[in-house]
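Q: Take this structure first; my questions come after.
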Amino acid sequence: MEKRAIQMDPHDNVATVLFDVQIGDMVWVYDQNQVLVERVVAQSPILSGNKLALSDMPEKSTMIKYGENVGVVIKPIAKGHLVHVHNVRSMHLDIPDSIIRDIISVMNITE
Amino acid sequence: MKFQGYIRPDGKLGIRNKILIVALDECCDGLAKRIAEGHRDVVVLTNHYTCMLGGNEETFYQMVGICANPNVAAVLVLAMGCGSILISHFVDHAKKCGKPIESINCIEVGGTKKSIALGREKLEKLIEYAQQVPRREGTAADLFVGIKCGGSDTSSGIASNPSVGKAADILYELGATTVAGELIELMGCEEQIQRRAISPEVAADIAAASDNELKRWNVDGAPVESMSIGNCIGGLTTIEEKSFGALHKTGSAPIQGFLQISNSGIDHPDKPGFYLSDVSHLCGGAGTNFAALGVQVVMWTSGAAGFDNELVPVIKVSGNKDLINDDVDVDATGIMDGSDSAARVGQRIVDKVEAVCNGEPTATEGFGSSFLTLYQKDVRVEQLLRLKYPHCPMGC
């Protein structure tokens, strides 16, 4: 079965996966009108509801979702990798470091 | 979009025909409930903040606004009689909407038992009146629709909120008026909100109100939880991502104005379109805020919370396939596996709005409603935080 992800806006550099994804899985990225945008090979395990990078995201660039800047990249992210609290932070109000560590541990993020 | 509405003296159309019993003080709560006992479509609204007017003006104005809500046919006002919220003062305000307003001062009438008997008589008359209220066909232009979200989960930003956003846009195109609040949930979206405002004045009003909300909920030593671990494990990475997910439920229409709910009064929309407001992020209080603003029906997103309001029916939309149950009115879960789209679900939500306006009960209507929480801002906190209000609608 197709592992789908949804890109909320054409300008977004991330897509949200709708199924659990393993390294090497082909992810089918659709837009909000169910039109296929592209297929990306996952380079990280990504749990359902989490985000996949649709292009390389250099440090200090922004995460774009809903067509808006919704975070700043703190560690370079390559296309196909998981985008989450280990490599992106808020531009306004950060989650405390201790909580970030807990999340990384609970979600088993190793990159 | 067409519906059969109840014609109110001020020309507005109700989608329900309720008799409202207002207990102006919490002492009359039991009395109000005894009078209402056994009657369908009779709703009790109790001011639990006590009988003092000073400091409780926001509650006073909300109660007045609720009397004027188009879904209310007529009102019975009760007060014990010893408080400083005088029945006469309240009725002077409430009667401006033109509806029949009966009142009972319990002490003057001779006590609780006599008040119950008299209350039941007066209620019968109000019910007779309500049954004769004429109806006419209404369109989207007669509708004022509230928009709110419950708890955020992975599906809210992907499925339920975008669908409600599409519904909001359809309603806007049809000429309806819509309103959202929960400013605290929109932290991080300030620029986009400013861009949607129709004028710099509206943008400034929203900025001031948002700033106030931030100050209220981020007091040193008593911070608000803006993001939970659960949110993050579910896939939300930043507060901006969460907030934009929430903002999506409001669609893309320009923001006509900011409707304030405060101790100087309650704003009402002066033209159709989309508005932001002081409607609380606290659910029960939000339902009552919507009622006070004059909203007739609410679109609501959540995993499965069976939230409803006795005066303003709540249409529930969920995109969470693990939680969704039969309390939910519109199923958006198909978006999460690619079998459905926000545009299609949005149309189904609008169809449901039309059906509910025509009398179809929501999934929980009539047997599962939230308490009519009269939430107000504490004037002492407002003073201590030195909050400035965007404008004073009643002059201050």
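Here, A, B, ... name the chains of the structure tokens in the order displayed, residue numbers run from 1 inside each chain, and ligands are numbered from 1 in the same displayed order.
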Define the interface residues of chain A facing chain B as those within 10 Å, counting only C-alpha atoms, and report them as a PyMOL selection string.
A: chain A and resi 2-8+16-19+30-35+46-51+63-72+83-95+99-100+102-104+106-107
Q: Got time to write the residues from that selection, N, CA and C atoms, as a compact mmCIF listing (two decimals), in the first residue's frame?
A:
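Final file, again21.txt:
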```txt
# COMPACT_ATOMS: atom_id res chain seq x y z
N GLU A 2 0.46 2.22 -0.75
CA GLU A 2 1.19 3.50 -0.81
C GLU A 2 1.35 4.12 0.57
N LYS A 3 2.57 4.58 0.86
CA LYS A 3 2.73 5.34 2.10
C LYS A 3 2.62 6.81 1.71
N ARG A 4 1.54 7.42 2.15
CA ARG A 4 1.28 8.79 1.71
C ARG A 4 1.76 9.82 2.71
N ALA A 5 2.08 10.98 2.15
CA ALA A 5 2.33 12.16 2.98
C ALA A 5 1.52 13.29 2.35
N ILE A 6 1.23 14.32 3.13
CA ILE A 6 0.46 15.43 2.60
C ILE A 6 1.26 16.73 2.73
N GLN A 7 1.33 17.48 1.63
CA GLN A 7 1.98 18.78 1.61
C GLN A 7 0.86 19.81 1.66
N MET A 8 0.80 20.57 2.74
CA MET A 8 -0.35 21.45 2.96
C MET A 8 -0.38 22.62 1.98
N THR A 16 3.74 16.04 5.78
CA THR A 16 3.42 15.24 6.96
C THR A 16 3.04 13.83 6.54
N VAL A 17 3.76 12.84 7.06
CA VAL A 17 3.46 11.46 6.66
C VAL A 17 2.20 10.99 7.37
N LEU A 18 1.38 10.24 6.65
CA LEU A 18 0.11 9.78 7.19
C LEU A 18 0.18 8.33 7.67
N PHE A 19 1.32 7.68 7.45
CA PHE A 19 1.54 6.30 7.88
C PHE A 19 2.95 6.22 8.45
N TYR A 30 1.29 13.94 -1.58
CA TYR A 30 0.11 14.50 -2.25
C TYR A 30 -0.17 15.90 -1.72
N ASP A 31 -0.88 16.69 -2.51
CA ASP A 31 -1.30 18.01 -2.02
C ASP A 31 -2.72 17.89 -1.44
N GLN A 32 -3.29 19.01 -0.99
CA GLN A 32 -4.60 18.98 -0.33
C GLN A 32 -5.73 18.58 -1.26
N ASN A 33 -5.46 18.62 -2.59
CA ASN A 33 -6.49 18.20 -3.54
C ASN A 33 -6.25 16.78 -4.03
N GLN A 34 -5.43 16.03 -3.30
CA GLN A 34 -5.13 14.63 -3.60
C GLN A 34 -4.40 14.44 -4.93
N VAL A 35 -3.69 15.49 -5.37
CA VAL A 35 -2.88 15.39 -6.59
C VAL A 35 -1.46 15.04 -6.17
N ILE A 46 10.06 7.56 10.25
CA ILE A 46 9.20 8.71 10.55
C ILE A 46 7.83 8.19 10.96
N LEU A 47 7.43 8.50 12.21
CA LEU A 47 6.13 8.04 12.70
C LEU A 47 5.01 8.86 12.08
N SER A 48 3.88 8.23 11.92
CA SER A 48 2.69 8.89 11.39
C SER A 48 2.45 10.23 12.08
N GLY A 49 2.16 11.27 11.31
CA GLY A 49 1.92 12.60 11.88
C GLY A 49 3.16 13.46 11.91
N ASN A 50 4.33 12.84 11.68
CA ASN A 50 5.57 13.60 11.69
C ASN A 50 5.99 14.01 10.29
N LYS A 51 7.05 14.82 10.21
CA LYS A 51 7.35 15.47 8.94
C LYS A 51 8.61 14.95 8.27
N MET A 63 11.72 26.28 8.34
CA MET A 63 10.78 25.22 8.01
C MET A 63 9.52 25.93 7.51
N ILE A 64 9.03 25.53 6.37
CA ILE A 64 7.85 26.19 5.80
C ILE A 64 6.71 25.19 5.73
N LYS A 65 5.62 25.52 6.43
CA LYS A 65 4.42 24.66 6.40
C LYS A 65 3.21 25.59 6.35
N TYR A 66 2.18 25.18 5.63
CA TYR A 66 1.01 26.06 5.40
C TYR A 66 1.44 27.32 4.65
N GLY A 67 2.59 27.24 3.95
CA GLY A 67 3.09 28.39 3.20
C GLY A 67 3.73 29.45 4.08
N GLU A 68 3.88 29.15 5.37
CA GLU A 68 4.43 30.14 6.31
C GLU A 68 5.71 29.62 6.97
N ASN A 69 6.55 30.54 7.45
CA ASN A 69 7.72 30.15 8.24
C ASN A 69 7.24 29.72 9.61
N VAL A 70 7.48 28.46 9.95
CA VAL A 70 6.98 27.96 11.23
C VAL A 70 8.08 27.42 12.12
N GLY A 71 9.34 27.67 11.76
CA GLY A 71 10.44 27.22 12.63
C GLY A 71 11.77 27.54 11.97
N VAL A 72 12.86 27.50 12.76
CA VAL A 72 14.19 27.74 12.20
C VAL A 72 15.02 26.46 12.33
N VAL A 83 12.00 15.74 10.14
CA VAL A 83 12.10 17.13 10.58
C VAL A 83 11.33 17.24 11.88
N HIS A 84 12.04 17.52 12.98
CA HIS A 84 11.33 17.61 14.28
C HIS A 84 12.17 18.38 15.29
N VAL A 85 11.89 18.22 16.57
CA VAL A 85 12.48 19.07 17.62
C VAL A 85 14.00 18.94 17.74
N HIS A 86 14.60 17.90 17.12
CA HIS A 86 16.05 17.74 17.21
C HIS A 86 16.77 18.59 16.17
N ASN A 87 16.07 19.04 15.14
CA ASN A 87 16.74 19.85 14.12
C ASN A 87 16.00 21.15 13.77
N VAL A 88 14.88 21.38 14.40
CA VAL A 88 14.13 22.63 14.17
C VAL A 88 13.64 23.19 15.50
N ARG A 89 13.67 24.52 15.64
CA ARG A 89 13.14 25.16 16.84
C ARG A 89 12.20 26.30 16.47
N SER A 90 11.43 26.69 17.48
CA SER A 90 10.51 27.80 17.28
C SER A 90 11.27 29.11 17.09
N MET A 91 10.67 30.02 16.34
CA MET A 91 11.25 31.35 16.17
C MET A 91 10.78 32.26 17.32
N HIS A 92 9.73 31.85 18.04
CA HIS A 92 9.11 32.73 19.05
C HIS A 92 9.28 32.24 20.47
N LEU A 93 8.95 30.97 20.70
CA LEU A 93 8.84 30.48 22.07
C LEU A 93 9.27 29.02 22.07
N ASP A 94 10.52 28.79 22.51
CA ASP A 94 11.07 27.45 22.44
C ASP A 94 10.51 26.52 23.50
N ILE A 95 10.47 25.24 23.15
CA ILE A 95 10.16 24.21 24.15
C ILE A 95 11.41 24.07 25.01
N ILE A 99 12.55 19.12 28.01
CA ILE A 99 11.40 18.50 27.35
C ILE A 99 11.82 17.98 25.97
N ILE A 100 12.66 18.75 25.28
CA ILE A 100 13.15 18.31 23.97
C ILE A 100 13.88 16.97 24.14
N ASP A 102 13.43 14.73 26.45
CA ASP A 102 12.42 13.69 26.71
C ASP A 102 11.75 13.23 25.42
N ILE A 103 11.39 14.20 24.58
CA ILE A 103 10.70 13.86 23.33
C ILE A 103 11.60 13.00 22.45
N ILE A 104 12.87 13.43 22.32
CA ILE A 104 13.83 12.70 21.48
C ILE A 104 13.98 11.27 22.00
N VAL A 106 11.74 9.51 23.98
CA VAL A 106 10.50 8.74 23.82
C VAL A 106 10.28 8.32 22.36
N MET A 107 10.65 9.23 21.44
CA MET A 107 10.41 8.94 20.02
C MET A 107 11.57 8.18 19.39
```
Q: Enumerate the residues of chain A with a DSSP assignment of strand (DSSP E or B), computed from the backbone, and present them as number ranges by chain.
A: A: 3-7, 14-17, 21, 26-31, 36-41, 46, 51-53, 57, 62-65, 68-73, 77, 82-83, 88-89
Q: Interatomic distance between CA of Ser88 (chain B) and CA of Glu57 (chain B)?
A: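 Taking CA of Ser88 (chain B) and CA of Glu57 (chain B), their separation equals 15.4 Å.
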Q: Write down as a ChimeraX atom specification the residues belonging to region 38-281 of chain B that are assigned helix (DSSP H, G or I) by DSSP computed on the backbone.
A: /B:57-67,87-97,106-109,112-131,140-142,154-173,183-186,190-196,200-217,229-233,239-250
Q: Would you compute the distance between CA of Gly346 (chain B) and CA of Glu173 (chain B)? Give it in Å to one decimal.
A: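 The value is 13.1 Å.
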Q: Work out how far apart CA of Gly80 (chain A) and CA of Val27 (chain A) are and give it in Å to one decimal.
A: 8.9 Å
Q: Considering only C-alpha atoms, return as a PyMOL selection string whatever protein or nucleic-acid residues lie within 6 Å of region 137-152 of chain B, sequence-local ones (same chain, fewer than 3 positions apart) excluded.
A: chain B and resi 1-5+156+174-180+295-302
Q: Would you export the selected residues with C-alpha atoms as a PDB file, in the first residue's frame, please?
A:
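Heads up, here's the output in part29.pdb:
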```pdb
ATOM      1  CA  MET B   1     -28.137  27.827   1.685  1.00  0.00           C
ATOM      2  CA  LYS B   2     -31.698  28.258   2.952  1.00  0.00           C
ATOM      3  CA  PHE B   3     -33.285  27.681   6.324  1.00  0.00           C
ATOM      4  CA  GLN B   4     -36.563  28.304   8.150  1.00  0.00           C
ATOM      5  CA  GLY B   5     -35.785  30.844  10.851  1.00  0.00           C
ATOM      6  CA  SER B 156      -6.320  18.753  13.694  1.00  0.00           C
ATOM      7  CA  LEU B 174     -22.298  32.959   0.577  1.00  0.00           C
ATOM      8  CA  GLY B 175     -22.452  36.156   2.649  1.00  0.00           C
ATOM      9  CA  ALA B 176     -22.438  34.731   6.179  1.00  0.00           C
ATOM     10  CA  THR B 177     -20.700  36.288   9.159  1.00  0.00           C
ATOM     11  CA  THR B 178     -18.188  34.153  11.050  1.00  0.00           C
ATOM     12  CA  VAL B 179     -16.161  34.651  14.203  1.00  0.00           C
ATOM     13  CA  ALA B 180     -13.261  32.920  15.925  1.00  0.00           C
ATOM     14  CA  VAL B 295     -23.871  33.473  17.182  1.00  0.00           C
ATOM     15  CA  GLN B 296     -26.541  30.949  16.120  1.00  0.00           C
ATOM     16  CA  VAL B 297     -24.401  27.850  15.438  1.00  0.00           C
ATOM     17  CA  VAL B 298     -20.783  26.773  15.974  1.00  0.00           C
ATOM     18  CA  MET B 299     -18.318  24.693  13.899  1.00  0.00           C
ATOM     19  CA  TRP B 300     -16.004  22.834  16.259  1.00  0.00           C
ATOM     20  CA  THR B 301     -12.957  20.612  15.700  1.00  0.00           C
ATOM     21  CA  SER B 302     -11.669  17.994  18.108  1.00  0.00           C
TER      22      SER B 302
END
```
Q: Set the distance at 9 Å and use only C-alpha atoms: which residues neighbour Thr59 (chain B) once local chain neighbours fewer than 6 positions away are removed? I'd like the list as number ranges by chain.
A: B: 47, 49, 53, 262-263, 374-376
Q: Extract, using only C-alpha atoms, all DNA, RNA and protein residues at most 12 Å from Ile184 (chain B), discarding same-chain residues fewer than 6 positions from it, and format them as a list in words.
A: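 Listing them by chain and then by number gives Glu190, Ile206, Ala207, Ala209, Ser210, Asp211, Asn212, Glu213, Leu214, Lys215, Arg216, Trp217, Asn218, Val224, Glu225, Ser226, Met227, Ile239, Glu240, Lys242, Ser243, Ala246, Leu247, Ser277, Asp278, Val279, Ser280, His281 and Leu282 of chain B.
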Q: Compile the contact shell of Val64 (chain B) as an NGL selection string: residues with an atom at most 10 Å away, counting only C-alpha atoms, same-chain residues fewer than 2 positions apart removed.
A: :B and (22 or 58-62 or 66-69 or 90-97 or 265-266 or 292)
Q: Write a file of the selected residues as a PDB file, in the first residue's frame, keeping C-alpha atoms.
A:
```
ATOM      1  CA  VAL B  22     -31.670  33.915  33.778  1.00  0.00           C
ATOM      2  CA  GLU B  58     -18.485  41.529  31.793  1.00  0.00           C
ATOM      3  CA  THR B  59     -20.815  38.832  33.123  1.00  0.00           C
ATOM      4  CA  PHE B  60     -23.705  41.300  33.205  1.00  0.00           C
ATOM      5  CA  TYR B  61     -23.169  42.286  29.569  1.00  0.00           C
ATOM      6  CA  GLN B  62     -22.802  38.664  28.506  1.00  0.00           C
ATOM      7  CA  ILE B  66     -27.494  36.103  25.599  1.00  0.00           C
ATOM      8  CA  CYS B  67     -31.051  37.422  26.085  1.00  0.00           C
ATOM      9  CA  ALA B  68     -30.665  39.081  22.692  1.00  0.00           C
ATOM     10  CA  ASN B  69     -29.334  35.928  21.004  1.00  0.00           C
ATOM     11  CA  PHE B  90     -30.864  44.234  33.910  1.00  0.00           C
ATOM     12  CA  VAL B  91     -34.298  44.334  32.292  1.00  0.00           C
ATOM     13  CA  ASP B  92     -33.690  47.900  31.050  1.00  0.00           C
ATOM     14  CA  HIS B  93     -30.741  46.551  29.074  1.00  0.00           C
ATOM     15  CA  ALA B  94     -32.234  43.226  28.062  1.00  0.00           C
ATOM     16  CA  LYS B  95     -35.524  44.625  26.767  1.00  0.00           C
ATOM     17  CA  LYS B  96     -33.724  46.597  24.045  1.00  0.00           C
ATOM     18  CA  CYS B  97     -33.865  43.444  21.913  1.00  0.00           C
ATOM     19  CA  GLY B 265     -19.680  45.792  26.780  1.00  0.00           C
ATOM     20  CA  ILE B 266     -19.860  43.389  23.894  1.00  0.00           C
ATOM     21  CA  ALA B 292     -23.465  36.555  23.998  1.00  0.00           C
TER      22      ALA B 292
END
```
